[in-house]
file coords07.cif (mmCIF, C-alpha atoms)
data_data
loop_
_atom_site.label_atom_id
_atom_site.label_comp_id
_atom_site.auth_asym_id
_atom_site.auth_seq_id
_atom_site.Cartn_x
_atom_site.Cartn_y
_atom_site.Cartn_z
CA MET A 1456 118.84 107.52 -1.17
CA PRO A 1457 115.25 106.89 -0.24
CA PHE A 1458 112.82 106.37 -3.10
CA SER A 1459 110.11 108.99 -3.32
CA ASN A 1460 106.83 108.57 -5.14
CA ARG A 1461 105.90 112.19 -4.64
CA GLY A 1462 103.93 113.50 -7.58
CA LEU A 1463 102.62 110.05 -8.69
CA PRO A 1464 98.90 109.72 -8.30
CA GLY A 1465 97.55 106.82 -6.17
CA MET A 1466 100.89 105.87 -4.66
CA PRO A 1467 101.55 106.06 -0.90
CA VAL A 1468 104.06 108.47 0.37
CA ASP A 1469 107.03 106.92 2.20
CA MET A 1470 107.65 108.22 5.67
CA GLU A 1471 111.03 108.16 7.19
CA ASP A 1472 111.27 106.23 10.50
CA SER A 1473 112.17 108.31 13.47
CA ASP A 1474 114.64 107.23 16.02
CA ASP A 1475 112.14 107.83 18.83
CA GLU A 1476 109.73 105.25 17.48
CA GLU A 1477 112.47 102.66 17.18
CA ILE A 1478 113.52 103.29 20.76
CA SER A 1479 109.92 103.11 22.09
CA GLY A 1480 109.29 99.88 20.14
CA ARG A 1481 112.32 98.27 21.66
CA ARG A 1482 111.17 99.26 25.15
CA ARG A 1483 107.67 97.93 24.50
CA TYR A 1484 108.90 94.38 23.68
CA ASP A 1485 111.99 94.10 25.81
CA GLY A 1486 110.68 90.95 27.69
CA PRO A 1487 107.59 89.01 28.98
CA ARG A 1488 105.44 90.47 31.70
CA GLN A 1489 105.42 89.06 35.27
CA PRO A 1490 102.35 86.78 36.05
CA TRP A 1491 99.92 87.98 38.69
CA TRP A 1492 100.78 85.21 41.12
CA ARG A 1493 104.45 86.14 40.99
CA PRO A 1494 104.52 89.86 41.50
CA SER A 1495 107.88 91.61 41.33
CA GLY A 1496 107.24 93.98 44.18
CA THR A 1497 107.73 93.07 47.84
CA TRP A 1498 104.41 94.46 49.07
CA SER A 1499 102.58 92.71 46.26
CA ARG A 1500 104.04 89.38 47.31
CA ILE A 1501 103.07 89.98 50.94
CA LEU A 1502 99.48 90.84 50.03
CA LEU A 1503 99.18 87.77 47.82
CA SER A 1504 100.47 85.48 50.61
CA VAL A 1505 98.01 86.91 53.15
CA ALA A 1506 95.13 86.41 50.71
CA GLY A 1507 96.16 82.77 50.16
CA VAL A 1508 96.25 82.08 53.91
CA PHE A 1509 92.78 83.51 54.40
CA LEU A 1510 91.47 81.45 51.48
CA LEU A 1511 92.83 78.19 52.86
CA ALA A 1512 91.53 78.93 56.34
CA GLY A 1513 88.08 79.65 54.96
CA ALA A 1514 88.04 76.37 53.01
CA ALA A 1515 89.08 74.38 56.13
CA VAL A 1516 86.38 76.02 58.23
CA ALA A 1517 83.76 75.33 55.58
CA LEU A 1518 84.81 71.67 55.33
CA HIS A 1519 84.65 71.28 59.10
CA LEU A 1520 81.19 72.78 59.22
CA VAL A 1521 79.94 70.49 56.46
CA ARG A 1522 81.38 67.39 58.16
CA HIS A 1523 79.95 68.41 61.50
CA PHE A 1524 76.57 68.82 59.86
CA PHE A 1525 76.58 65.35 58.28
CA ASP A 1526 78.00 63.66 61.38
CA HIS A 1527 75.76 65.14 64.02
CA ASP A 1528 72.57 66.20 62.34
CA SER A 1529 69.61 64.14 63.54
CA GLN A 1530 68.20 63.54 60.09
CA PHE A 1531 71.13 61.15 59.33
CA ARG A 1532 70.52 58.99 62.41
CA ILE A 1533 69.10 55.42 62.06
CA GLU A 1534 66.07 55.56 64.30
CA GLY A 1535 65.04 51.88 64.29
CA SER A 1536 64.89 48.53 62.49
CA GLY A 1537 62.40 50.02 60.03
CA ASN A 1538 65.26 52.01 58.52
CA ILE A 1539 66.97 48.75 57.42
CA GLN A 1540 65.66 47.43 54.10
CA ALA A 1541 66.34 43.89 52.87
CA THR A 1542 65.79 42.29 49.46
CA GLY A 1543 66.29 38.76 48.16
CA LEU A 1544 65.07 37.04 51.33
CA GLY A 1545 63.81 33.47 51.04
CA GLU A 1546 65.17 30.96 53.52
CA VAL A 1547 66.85 33.86 55.35
CA SER A 1548 64.40 36.00 57.32
CA ARG A 1549 64.64 39.52 58.72
CA ALA A 1550 64.98 37.96 62.15
CA ASP A 1551 68.31 36.50 60.98
CA LEU A 1552 69.57 39.87 59.69
CA LEU A 1553 68.47 42.41 62.28
CA PRO A 1554 70.71 41.17 65.15
CA LEU A 1555 73.75 42.02 63.01
CA PHE A 1556 72.59 45.67 62.81
CA GLY A 1557 71.61 45.98 66.47
CA ALA A 1558 74.63 48.15 67.27
CA ASP A 1559 73.75 50.53 64.43
CA ILE A 1560 70.35 51.57 65.78
CA GLY A 1561 70.67 55.20 66.90
CA ARG A 1562 74.00 55.58 65.08
CA ASN A 1563 74.74 58.06 62.34
CA ILE A 1564 74.42 56.44 58.93
CA PHE A 1565 77.97 57.49 57.99
CA PHE A 1566 79.40 55.57 60.96
CA VAL A 1567 78.00 52.17 59.92
CA PRO A 1568 80.88 49.83 58.86
CA LEU A 1569 79.46 48.49 55.60
CA SER A 1570 82.26 46.00 54.79
CA GLU A 1571 82.10 44.48 58.27
CA ARG A 1572 78.33 44.05 58.04
CA ARG A 1573 78.68 42.42 54.63
CA ASN A 1574 81.19 39.87 55.98
CA GLN A 1575 78.88 39.08 58.89
CA LEU A 1576 75.96 38.50 56.55
CA GLU A 1577 77.99 36.09 54.40
CA GLN A 1578 78.70 33.97 57.48
CA ILE A 1579 75.04 32.90 57.52
CA PRO A 1580 74.99 29.42 55.84
CA TRP A 1581 72.13 30.25 53.45
CA VAL A 1582 73.73 33.54 52.28
CA GLU A 1583 76.02 33.15 49.27
CA ARG A 1584 76.62 36.87 48.57
CA ALA A 1585 75.50 40.07 50.29
CA SER A 1586 75.80 43.80 49.63
CA VAL A 1587 75.16 46.68 52.06
CA MET A 1588 74.74 50.33 51.01
CA ARG A 1589 73.65 53.67 52.47
CA LEU A 1590 70.53 55.46 51.28
CA LEU A 1591 70.48 59.09 52.42
CA PRO A 1592 69.40 60.40 54.70
CA ASP A 1593 68.81 57.48 57.15
CA GLN A 1594 68.28 54.16 55.33
CA ILE A 1595 70.44 51.01 55.05
CA ARG A 1596 69.70 48.64 52.14
CA VAL A 1597 70.76 44.97 52.30
CA SER A 1598 70.69 42.78 49.19
CA ILE A 1599 70.95 38.98 49.65
CA VAL A 1600 71.72 36.21 47.13
CA GLU A 1601 70.83 32.87 48.73
CA ARG A 1602 72.42 29.49 48.10
CA GLN A 1603 70.60 26.97 45.94
CA PRO A 1604 70.57 23.32 47.14
CA VAL A 1605 71.50 20.70 44.56
CA ALA A 1606 71.29 17.44 46.55
CA PHE A 1607 70.23 15.82 49.81
CA VAL A 1608 73.08 14.85 52.10
CA ARG A 1609 73.09 12.42 55.01
CA HIS A 1610 75.21 13.62 57.92
CA ASN A 1611 75.00 13.07 61.67
CA GLN A 1612 72.09 10.64 61.19
CA GLN A 1613 70.03 13.40 59.62
CA ILE A 1614 69.03 14.42 56.12
CA GLY A 1615 70.01 17.93 55.08
CA LEU A 1616 70.80 19.87 51.91
CA VAL A 1617 74.04 20.87 50.22
CA ASP A 1618 74.82 23.44 47.54
CA ALA A 1619 77.28 23.26 44.63
CA ASN A 1620 80.15 24.58 46.78
CA GLY A 1621 79.76 21.90 49.46
CA VAL A 1622 78.10 24.18 52.03
CA LEU A 1623 75.72 22.18 54.23
CA LEU A 1624 72.28 23.71 54.66
CA ASP A 1625 69.80 22.90 57.40
CA MET A 1626 66.08 22.86 56.70
CA PRO A 1627 63.19 21.33 58.64
CA ALA A 1628 61.55 18.26 57.11
CA ALA A 1629 58.25 20.12 56.72
CA ALA A 1630 59.96 22.86 54.70
CA MET A 1631 61.63 20.26 52.47
CA ALA A 1632 58.23 18.73 51.75
CA GLN A 1633 56.84 22.15 50.82
CA HIS A 1634 59.65 22.78 48.33
CA HIS A 1635 59.12 19.34 46.67
CA TYR A 1636 62.84 18.80 46.24
CA SER A 1637 63.78 15.81 44.10
CA PHE A 1638 67.51 15.13 44.55
CA PRO A 1639 69.71 12.07 45.02
CA VAL A 1640 70.96 11.40 48.54
CA LEU A 1641 74.72 11.97 48.91
CA THR A 1642 77.01 10.30 51.43
CA GLY A 1643 80.66 11.05 52.07
CA ILE A 1644 80.03 14.78 52.60
CA ASP A 1645 81.04 15.42 56.20
CA ALA A 1646 80.70 18.75 57.97
CA ARG A 1647 84.06 18.12 59.67
CA ASP A 1648 85.87 18.07 56.33
CA PRO A 1649 87.35 21.36 55.09
CA LEU A 1650 85.27 23.29 52.58
CA PRO A 1651 87.71 22.77 49.64
CA SER A 1652 87.46 18.99 50.12
CA ARG A 1653 83.66 19.11 50.09
CA LYS A 1654 83.70 21.39 47.06
CA ALA A 1655 85.90 18.90 45.15
CA ARG A 1656 83.44 16.07 45.89
CA MET A 1657 80.52 18.21 44.79
CA ALA A 1658 82.35 18.97 41.53
CA VAL A 1659 82.37 15.21 40.79
CA TYR A 1660 78.66 15.05 41.57
CA LEU A 1661 77.85 17.99 39.29
CA ARG A 1662 79.83 16.47 36.42
CA LEU A 1663 78.03 13.17 36.90
CA MET A 1664 74.58 14.77 36.86
CA GLY A 1665 75.48 17.01 33.93
CA ASP A 1666 76.72 14.12 31.79
CA LEU A 1667 73.73 11.92 32.56
CA ASP A 1668 71.26 14.71 31.74
CA ALA A 1669 73.05 15.83 28.57
CA ASN A 1670 70.77 16.49 25.59
CA GLY A 1671 67.70 16.43 27.83
CA GLN A 1672 67.87 12.68 28.58
CA HIS A 1673 67.11 12.98 32.36
CA ASN A 1674 69.01 9.80 33.19
CA SER A 1675 69.72 11.15 36.67
CA ASP A 1676 66.10 10.48 37.63
CA GLN A 1677 67.06 6.80 37.95
CA ILE A 1678 69.68 7.51 40.64
CA SER A 1679 68.68 7.22 44.29
CA GLU A 1680 71.96 7.54 46.21
CA ILE A 1681 75.59 8.46 45.47
CA ASP A 1682 78.60 7.75 47.69
CA LEU A 1683 81.31 10.43 47.27
CA THR A 1684 83.66 9.19 49.98
CA ASP A 1685 86.30 8.62 47.29
CA PRO A 1686 86.30 11.65 44.92
CA GLU A 1687 87.95 9.47 42.26
CA ASP A 1688 85.14 6.90 42.31
CA ALA A 1689 81.48 7.96 42.30
CA ARG A 1690 79.57 4.94 43.60
CA VAL A 1691 75.96 5.15 42.48
CA LEU A 1692 73.11 3.12 43.95
CA MET A 1693 70.87 2.00 41.08
CA PRO A 1694 67.38 0.62 41.89
CA GLU A 1695 66.68 -2.53 39.84
CA GLN A 1696 63.23 -4.15 40.41
CA GLY A 1697 63.32 -4.77 44.12
CA ALA A 1698 67.12 -4.79 44.47
CA ASP A 1699 69.72 -2.04 44.64
CA ILE A 1700 72.91 -2.40 42.59
CA LEU A 1701 75.99 -0.38 43.57
CA ALA A 1702 77.69 0.83 40.36
CA HIS A 1703 81.24 2.24 40.35
CA PHE A 1704 81.35 5.08 37.80
CA GLY A 1705 84.84 6.41 38.57
CA GLU A 1706 85.50 10.11 37.92
CA ASP A 1707 84.85 10.56 34.19
CA HIS A 1708 83.08 9.09 31.13
CA PHE A 1709 79.87 8.94 33.16
CA LEU A 1710 77.38 8.82 30.29
CA GLU A 1711 79.31 6.10 28.44
CA ARG A 1712 79.50 3.92 31.56
CA TYR A 1713 75.86 4.51 32.38
CA GLN A 1714 74.80 3.41 28.90
CA ARG A 1715 76.98 0.30 29.21
CA TYR A 1716 75.38 -0.49 32.55
CA LYS A 1717 71.82 -0.10 31.26
CA ALA A 1718 72.58 -2.18 28.16
CA HIS A 1719 73.83 -5.22 30.12
CA ILE A 1720 72.31 -5.10 33.60
CA ALA A 1721 69.38 -7.36 32.70
CA GLY A 1722 71.70 -10.09 31.42
CA TRP A 1723 74.04 -9.75 34.39
CA ARG A 1724 71.20 -10.11 36.88
CA GLN A 1725 69.81 -13.11 35.04
CA GLN A 1726 73.20 -14.83 35.04
CA TYR A 1727 74.13 -13.75 38.58
CA PRO A 1728 71.00 -13.52 40.76
CA LYS A 1729 73.07 -12.40 43.78
CA LEU A 1730 74.69 -9.49 41.95
CA ALA A 1731 75.46 -6.63 44.38
CA GLU A 1732 78.08 -4.37 42.73
CA VAL A 1733 79.20 -3.52 39.21
CA ASP A 1734 82.58 -1.89 38.62
CA LEU A 1735 82.50 0.03 35.31
CA ARG A 1736 85.83 1.83 35.61
CA TYR A 1737 87.72 -0.44 33.19
CA ASP A 1738 87.46 -0.30 29.42
CA GLN A 1739 87.95 -3.97 28.54
CA GLN A 1740 86.12 -5.71 31.36
CA VAL A 1741 83.50 -5.28 34.04
CA ILE A 1742 83.96 -6.55 37.60
CA LEU A 1743 80.84 -8.03 39.20
CA GLN A 1744 80.62 -8.26 42.98
CA MET A 1745 78.28 -10.87 44.46
CA THR A 1746 76.48 -10.98 47.77
CA PRO A 1747 78.07 -13.83 49.77
CA ALA A 1748 75.41 -16.47 50.48
CA ALA A 1749 77.35 -19.24 52.28
CA PRO A 1750 80.87 -19.91 53.60
CA GLY A 1751 83.30 -20.80 50.86
CA ASP A 1752 81.40 -19.08 48.05
CA GLN A 1753 83.45 -16.87 45.80
CA ALA A 1754 82.44 -13.29 46.54
CA ALA A 1755 83.65 -11.68 43.34
CA ALA A 1756 83.94 -12.59 39.71
CA THR A 1757 85.31 -10.84 36.67
CA ALA A 1758 83.01 -11.30 33.70
CA PRO A 1759 83.01 -9.95 30.16
CA GLU A 1760 80.20 -7.70 29.11
CA SER A 1761 76.98 -9.35 27.97
CA LYS A 1762 76.76 -9.77 24.22
CA PRO A 1763 74.74 -7.18 22.36
CA ALA A 1764 72.00 -8.13 19.92
CA GLN A 1765 74.51 -8.22 17.04
CA PRO A 1766 77.92 -9.06 18.52
CA GLU A 1767 81.09 -8.35 16.68
CA PRO A 1768 83.14 -11.46 15.68
CA ARG A 1769 86.15 -12.31 17.77
CA PRO A 1770 89.59 -12.12 16.20
CA GLY A 1771 90.25 -15.27 14.19
CA VAL A 1772 86.58 -16.23 13.91
CA LYS A 1773 84.75 -15.87 10.64
CA GLN A 1774 81.61 -13.80 10.37
CA GLY A 1775 78.56 -15.97 11.02
CA ALA A 1776 80.50 -18.80 12.70
CA LYS A 1777 79.05 -20.08 15.93
CA GLN A 1778 81.06 -18.72 18.85
CA ALA A 1779 81.54 -20.56 22.07
CA PRO A 1780 80.37 -18.72 25.20
CA ALA A 1781 83.11 -16.81 26.92
CA PRO A 1782 84.08 -18.38 30.24
CA VAL A 1783 83.72 -16.43 33.45
CA LYS A 1784 87.12 -15.31 34.65
CA ARG A 1785 88.13 -14.92 38.23
CA ALA A 1786 89.49 -11.63 39.44
CA SER A 1787 93.21 -11.34 38.90
CA ALA A 1788 95.91 -9.22 40.48
CA ALA A 1789 95.95 -6.93 37.43
CA VAL A 1790 92.43 -5.80 38.23
CA LYS A 1791 91.94 -3.37 41.06
CA PRO A 1792 90.10 -5.26 43.84
CA VAL A 1793 86.70 -4.08 45.02
CA LYS A 1794 85.70 -4.19 48.66
CA PRO A 1795 83.03 -6.86 49.25
CA ASN A 1796 80.44 -4.51 50.68
CA VAL A 1797 76.80 -5.35 50.27
CA ALA A 1798 74.83 -2.68 48.50
CA LYS A 1799 73.22 -0.30 50.93
CA PRO A 1800 69.48 0.41 50.81
CA MET A 1801 68.39 3.76 49.50
CA VAL A 1802 66.82 4.98 52.74
CA SER A 1803 67.24 4.34 56.43
CA SER A 1804 65.59 5.51 59.59
CA SER A 1805 67.42 8.81 59.23
CA HIS A 1806 65.20 9.92 56.30
CA PRO A 1807 62.67 12.49 57.42
CA ALA A 1808 59.03 11.89 56.62
CA GLY A 1809 57.90 13.84 53.59
CA THR A 1810 61.34 13.96 51.92
CA LYS A 1811 61.06 13.34 48.20
CA THR A 1812 63.88 11.44 46.46
CA ALA A 1813 64.15 9.58 43.18
CA LYS A 1814 61.87 6.87 44.57
CA GLY A 1815 59.19 9.27 45.73
CA ARG A 1816 58.14 10.54 49.10
CA LEU A 1817 59.01 8.59 52.25
CA SER A 1818 56.34 7.78 54.77
CA GLN A 1819 56.77 6.59 58.35
CA ALA A 1820 55.90 3.06 57.25
CA ASP A 1821 58.68 3.14 54.65
CA ILE A 1822 61.17 4.25 57.27
CA GLU A 1823 60.14 1.41 59.63
CA LYS A 1824 60.42 -1.15 56.81
CA ALA A 1825 63.91 0.09 55.94
CA ALA A 1826 64.98 -0.19 59.57
CA ALA A 1827 63.55 -3.73 59.77
CA ARG A 1828 65.48 -4.74 56.64
CA GLN A 1829 68.67 -3.42 58.15
CA ARG A 1830 68.14 -5.37 61.38
CA ALA A 1831 67.43 -8.54 59.43
CA ALA A 1832 70.55 -8.06 57.32
CA ARG A 1833 72.71 -7.62 60.44
CA ALA A 1834 71.21 -10.77 62.02
CA LYS A 1835 71.86 -12.74 58.84
CA ALA A 1836 75.46 -11.55 58.77
CA ARG A 1837 76.00 -12.71 62.36
CA LYS A 1838 74.60 -16.18 61.52
CA ARG A 1839 76.95 -16.45 58.56
CA ALA A 1840 79.92 -15.55 60.75
CA GLU A 1841 78.95 -18.22 63.29
CA ALA A 1842 78.46 -20.83 60.56
CA LYS A 1843 81.85 -19.97 59.06
CA HIS A 1844 83.69 -20.81 62.31
CA ALA A 1845 81.63 -23.97 63.16
CA PRO A 1846 83.43 -26.46 60.79
CA LEU A 1847 86.83 -25.40 62.08
CA HIS A 1848 85.77 -26.07 65.65
CA LYS A 1849 84.43 -29.51 64.71
CA THR A 1850 87.66 -30.47 62.96
CA ARG A 1851 89.67 -29.61 66.03
CA GLN A 1852 87.44 -31.83 68.21
CA THR A 1853 87.84 -34.79 65.83
CA THR A 1854 91.60 -34.44 65.82
CA ASN A 1855 91.74 -34.57 69.63
CA SER A 1856 89.45 -37.64 69.93
CA PRO A 1857 90.72 -40.92 71.67
CA ARG A 1858 90.41 -42.89 68.40
CA ALA A 1859 92.74 -40.52 66.64
CA ALA A 1860 95.22 -40.74 69.53
CA ALA A 1861 95.22 -44.59 69.39
CA ALA A 1862 95.80 -44.53 65.63
CA ALA A 1863 98.72 -42.22 66.17
CA ARG A 1864 100.30 -44.60 68.74
CA GLN A 1865 99.92 -47.55 66.37
CA GLY A 1866 101.64 -45.63 63.65
CA GLN A 1867 104.58 -44.98 65.96
#
call {"tool": "encode", "arguments": {"input": "coords07.cif", "output": "structure tokens"}}
result
Amino acid sequence: MPFSNRGLPGMPVDMEDSDDEEISGRRRYDGPRQPWWRPSGTWSRILLSVAGVFLLAGAAVALHLVRHFFDHDSQFRIEGSGNIQATGLGEVSRADLLPLFGADIGRNIFFVPLSERRNQLEQIPWVERASVMRLLPDQIRVSIVERQPVAFVRHNQQIGLVDANGVLLDMPAAAMAQHHYSFPVLTGIDARDPLPSRKARMAVYLRLMGDLDANGQHNSDQISEIDLTDPEDARVLMPEQGADILAHFGEDHFLERYQRYKAHIAGWRQQYPKLAEVDLRYDQQVILQMTPAAPGDQAAATAPESKPAQPEPRPGVKQGAKQAPAPVKRASAAVKPVKPNVAKPMVSSSHPAGTKTAKGRLSQADIEKAAARQRAARAKARKRAEAKHAPLHKTRQTTNSPRAAAAARQGQ
């Protein structure tokens, strides 16, 4: 029986639910409504499909009109070379760049192949990196990063430049003099070698220069020429008071070997006046190569390092005892042999006038003197070769003499 609060003040009056309201409520929430893009009626679906087709067609037409506008409107056409901007130019001039964009003059800016132009720019030897971009409505901007030379290189009887990656760079002698470059001269870098091989040799050179100049010492200023033919042995030409000593530094421990060389070179030259090469690649000994002066002279000798000011005592010798001088040892099979090449002069006739190296600028007179020294050295070498074969020829004549034949018959 329903509770009734009729007659009580302030209390709501209960109303009995009607069956009609229950039925209408159930009809109102029977299920979710259909979305507008999925109408239930057939005509509604047809109208929605037709509207979608018209919308897509309108978007395609609008896109075509916009593309036609950008592709064919005259305001996007590159009128001339003045529309091509270039930044970062130094050794590369606009005259080197503009021929690459010759086919783009009169072309729509959107039809310029940017990646292809970038690859063409990076084929120029002095260009290390390049970027090409469009500037609306009709401008092309080119940004260049040029290569930086790190050394002189002698190739094809000429002096050029080379960067850290082994790329050979050509520059007139007058331009080199204007830049006041002060680099060592490298040999063993050949343009016919593949680029990875040249890059590996330049990596040895960069390590050598970095070690020698560590802590701001600037020891590389004393180097005039470096031979990188063998990447495992950097052969450095060291100027020593009128003579050039060829020092073998190997491929590592450059600063330690340089300090050992500077500490003992004076004593070595005093003991061996004809010293030509010093091999510093071994820890316990130093191989000294002499310039051959006459037939029969020993060309090489293996000598211990010169004693420092306060030498350490030898094993088995008491501190303060007088030590006998260490004898000079001949080269043995355990020591890697060194080719008996005479140290090369720093410059030759291939040096351009005005080029500045570790010894200063080269004048025409210096070039002629270097050439004269080379001719004299070749003539001296020929005389030594002739003198070497003369005693053998004389011995053969004495053996075939009549007196020797008579003595032979008596013996029989």
call {"tool": "atom_distance", "arguments": {"input": "coords07.cif", "atom1": "atom CA of A:Pro1686", "atom2": "atom CA of A:Asp1707"}}
result
10.9 Å
call {"tool": "atom_distance", "arguments": {"input": "coords07.cif", "atom1": "atom CA of A:Leu1544", "atom2": "atom CA of A:Ser1637"}}
result
22.5 Å
call {"tool": "resolve_selection", "arguments": {"input": "coords07.cif", "expression": "the PyMOL selection byres ((chain A and resi 1652) around 12)", "output": "list in words"}}
result
Asn1620, Gly1621, Val1622, Gly1643, Ile1644, Asp1645, Ala1646, Arg1647, Asp1648, Pro1649, Leu1650, Pro1651, Arg1653, Lys1654, Ala1655, Arg1656, Met1657, Ala1658, Val1659, Leu1683, Thr1684, Asp1685 and Pro1686 of chain A
call {"tool": "axis_aligned_box", "arguments": {"input": "coords07.cif", "around": "stretch 1686-1702 of chain A", "padding_each_side": "3 Å", "output": "JSON"}}
result
{"center_x": 75.6, "center_y": 3.4, "center_z": 42.4, "size_x": 30.7, "size_y": 22.4, "size_z": 11.1}
call {"tool": "atom_distance", "arguments": {"input": "coords07.cif", "atom1": "atom CA of A:Gly1705", "atom2": "atom CA of A:Gln1613"}}
result
26.7 Å
call {"tool": "resolve_selection", "arguments": {"input": "coords07.cif", "expression": "the PyMOL selection byres ((chain A and resi 1744) around 6)", "output": "list in words"}}
result
Ala1731, Glu1732, Leu1743, Met1745 and Ala1755 of chain A
call {"tool": "resolve_selection", "arguments": {"input": "coords07.cif", "expression": "the PyMOL selection byres ((chain A and resi 1531-1543) around 9)", "output": "PyMOL selection string"}}
result
chain A and resi 1525-1530+1544-1545+1547+1549+1552-1553+1556-1557+1559-1565+1591-1601
call {"tool": "closest_residue", "arguments": {"input": "coords07.cif", "among": "A:Gln1696, A:Tyr1716, A:Trp1581, A:Lys1835", "to": "A:Pro1747", "atoms": "all atoms listed in the file"}}
result
A:Lys1835
call {"tool": "residues_around", "arguments": {"input": "coords07.cif", "residues": "stretch 1623-1625 of chain A", "least_positions_apart": "2", "cutoff": "8 Å", "atoms": "all atoms listed in the file", "output": "list in words"}}
result
Pro1580, Trp1581, Pro1604, Gly1615, Leu1616, Val1617, Asp1618, Gly1621, Pro1627 and Ala1646 of chain A
call {"tool": "residues_near_point", "arguments": {"input": "coords07.cif", "point": "(68.1, 12.5, 37.9)", "cutoff": "8 Å", "atoms": "only C-alpha atoms", "output": "number ranges by chain"}}
result
A: 1638-1639, 1664, 1667-1668, 1673-1678, 1813
call {"tool": "residues_around", "arguments": {"input": "coords07.cif", "residues": "A:Leu1701", "least_positions_apart": "5", "cutoff": "7 Å", "atoms": "all atoms listed in the file", "output": "VMD selection string"}}
result
chain A and resid 1690 to 1693 1731 to 1733 1798
call {"tool": "closest_residue", "arguments": {"input": "coords07.cif", "among": "A:Arg1609, A:Asp1666, A:Trp1498, A:His1635", "to": "A:Tyr1713", "atoms": "only C-alpha atoms"}}
result
A:Asp1666
call {"tool": "build_atoms", "arguments": {"input": "coords07.cif", "residues": "stretch 1699-1714 of chain A", "atoms": "N, CA and C atoms", "output": "mmCIF file, in the frame of the given file"}}
result
data_model
loop_
_atom_site.group_PDB
_atom_site.id
_atom_site.type_symbol
_atom_site.label_atom_id
_atom_site.label_comp_id
_atom_site.auth_asym_id
_atom_site.auth_seq_id
_atom_site.Cartn_x
_atom_site.Cartn_y
_atom_site.Cartn_z
ATOM 1 N N ASP A 1699 68.896 -3.208 44.884
ATOM 2 C CA ASP A 1699 69.720 -2.040 44.640
ATOM 3 C C ASP A 1699 71.119 -2.503 44.242
ATOM 4 N N ILE A 1700 71.603 -2.042 43.097
ATOM 5 C CA ILE A 1700 72.910 -2.400 42.590
ATOM 6 C C ILE A 1700 73.838 -1.196 42.771
ATOM 7 N N LEU A 1701 75.007 -1.438 43.376
ATOM 8 C CA LEU A 1701 75.990 -0.380 43.570
ATOM 9 C C LEU A 1701 76.932 -0.374 42.371
ATOM 10 N N ALA A 1702 76.894 0.719 41.585
ATOM 11 C CA ALA A 1702 77.690 0.830 40.360
ATOM 12 C C ALA A 1702 78.833 1.807 40.588
ATOM 13 N N HIS A 1703 80.051 1.390 40.228
ATOM 14 C CA HIS A 1703 81.240 2.240 40.350
ATOM 15 C C HIS A 1703 81.440 2.962 39.018
ATOM 16 N N PHE A 1704 81.247 4.285 39.020
ATOM 17 C CA PHE A 1704 81.350 5.080 37.800
ATOM 18 C C PHE A 1704 82.685 5.799 37.663
ATOM 19 N N GLY A 1705 83.562 5.719 38.658
ATOM 20 C CA GLY A 1705 84.840 6.410 38.570
ATOM 21 C C GLY A 1705 84.685 7.915 38.652
ATOM 22 N N GLU A 1706 85.513 8.641 37.874
ATOM 23 C CA GLU A 1706 85.500 10.110 37.920
ATOM 24 C C GLU A 1706 85.297 10.756 36.557
ATOM 25 N N ASP A 1707 85.069 9.979 35.510
ATOM 26 C CA ASP A 1707 84.850 10.560 34.190
ATOM 27 C C ASP A 1707 84.106 9.543 33.325
ATOM 28 N N HIS A 1708 83.795 9.946 32.088
ATOM 29 C CA HIS A 1708 83.080 9.090 31.130
ATOM 30 C C HIS A 1708 81.782 8.545 31.746
ATOM 31 N N PHE A 1709 81.037 9.400 32.421
ATOM 32 C CA PHE A 1709 79.870 8.940 33.160
ATOM 33 C C PHE A 1709 78.763 8.454 32.227
ATOM 34 N N LEU A 1710 78.473 9.199 31.168
ATOM 35 C CA LEU A 1710 77.380 8.820 30.290
ATOM 36 C C LEU A 1710 77.694 7.504 29.568
ATOM 37 N N GLU A 1711 78.923 7.344 29.119
ATOM 38 C CA GLU A 1711 79.310 6.100 28.440
ATOM 39 C C GLU A 1711 79.169 4.906 29.369
ATOM 40 N N ARG A 1712 79.598 5.033 30.612
ATOM 41 C CA ARG A 1712 79.500 3.920 31.560
ATOM 42 C C ARG A 1712 78.051 3.665 31.972
ATOM 43 N N TYR A 1713 77.271 4.717 32.059
ATOM 44 C CA TYR A 1713 75.860 4.510 32.380
ATOM 45 C C TYR A 1713 75.157 3.750 31.256
ATOM 46 N N GLN A 1714 75.421 4.119 30.028
ATOM 47 C CA GLN A 1714 74.800 3.410 28.900
ATOM 48 C C GLN A 1714 75.245 1.949 28.848
#
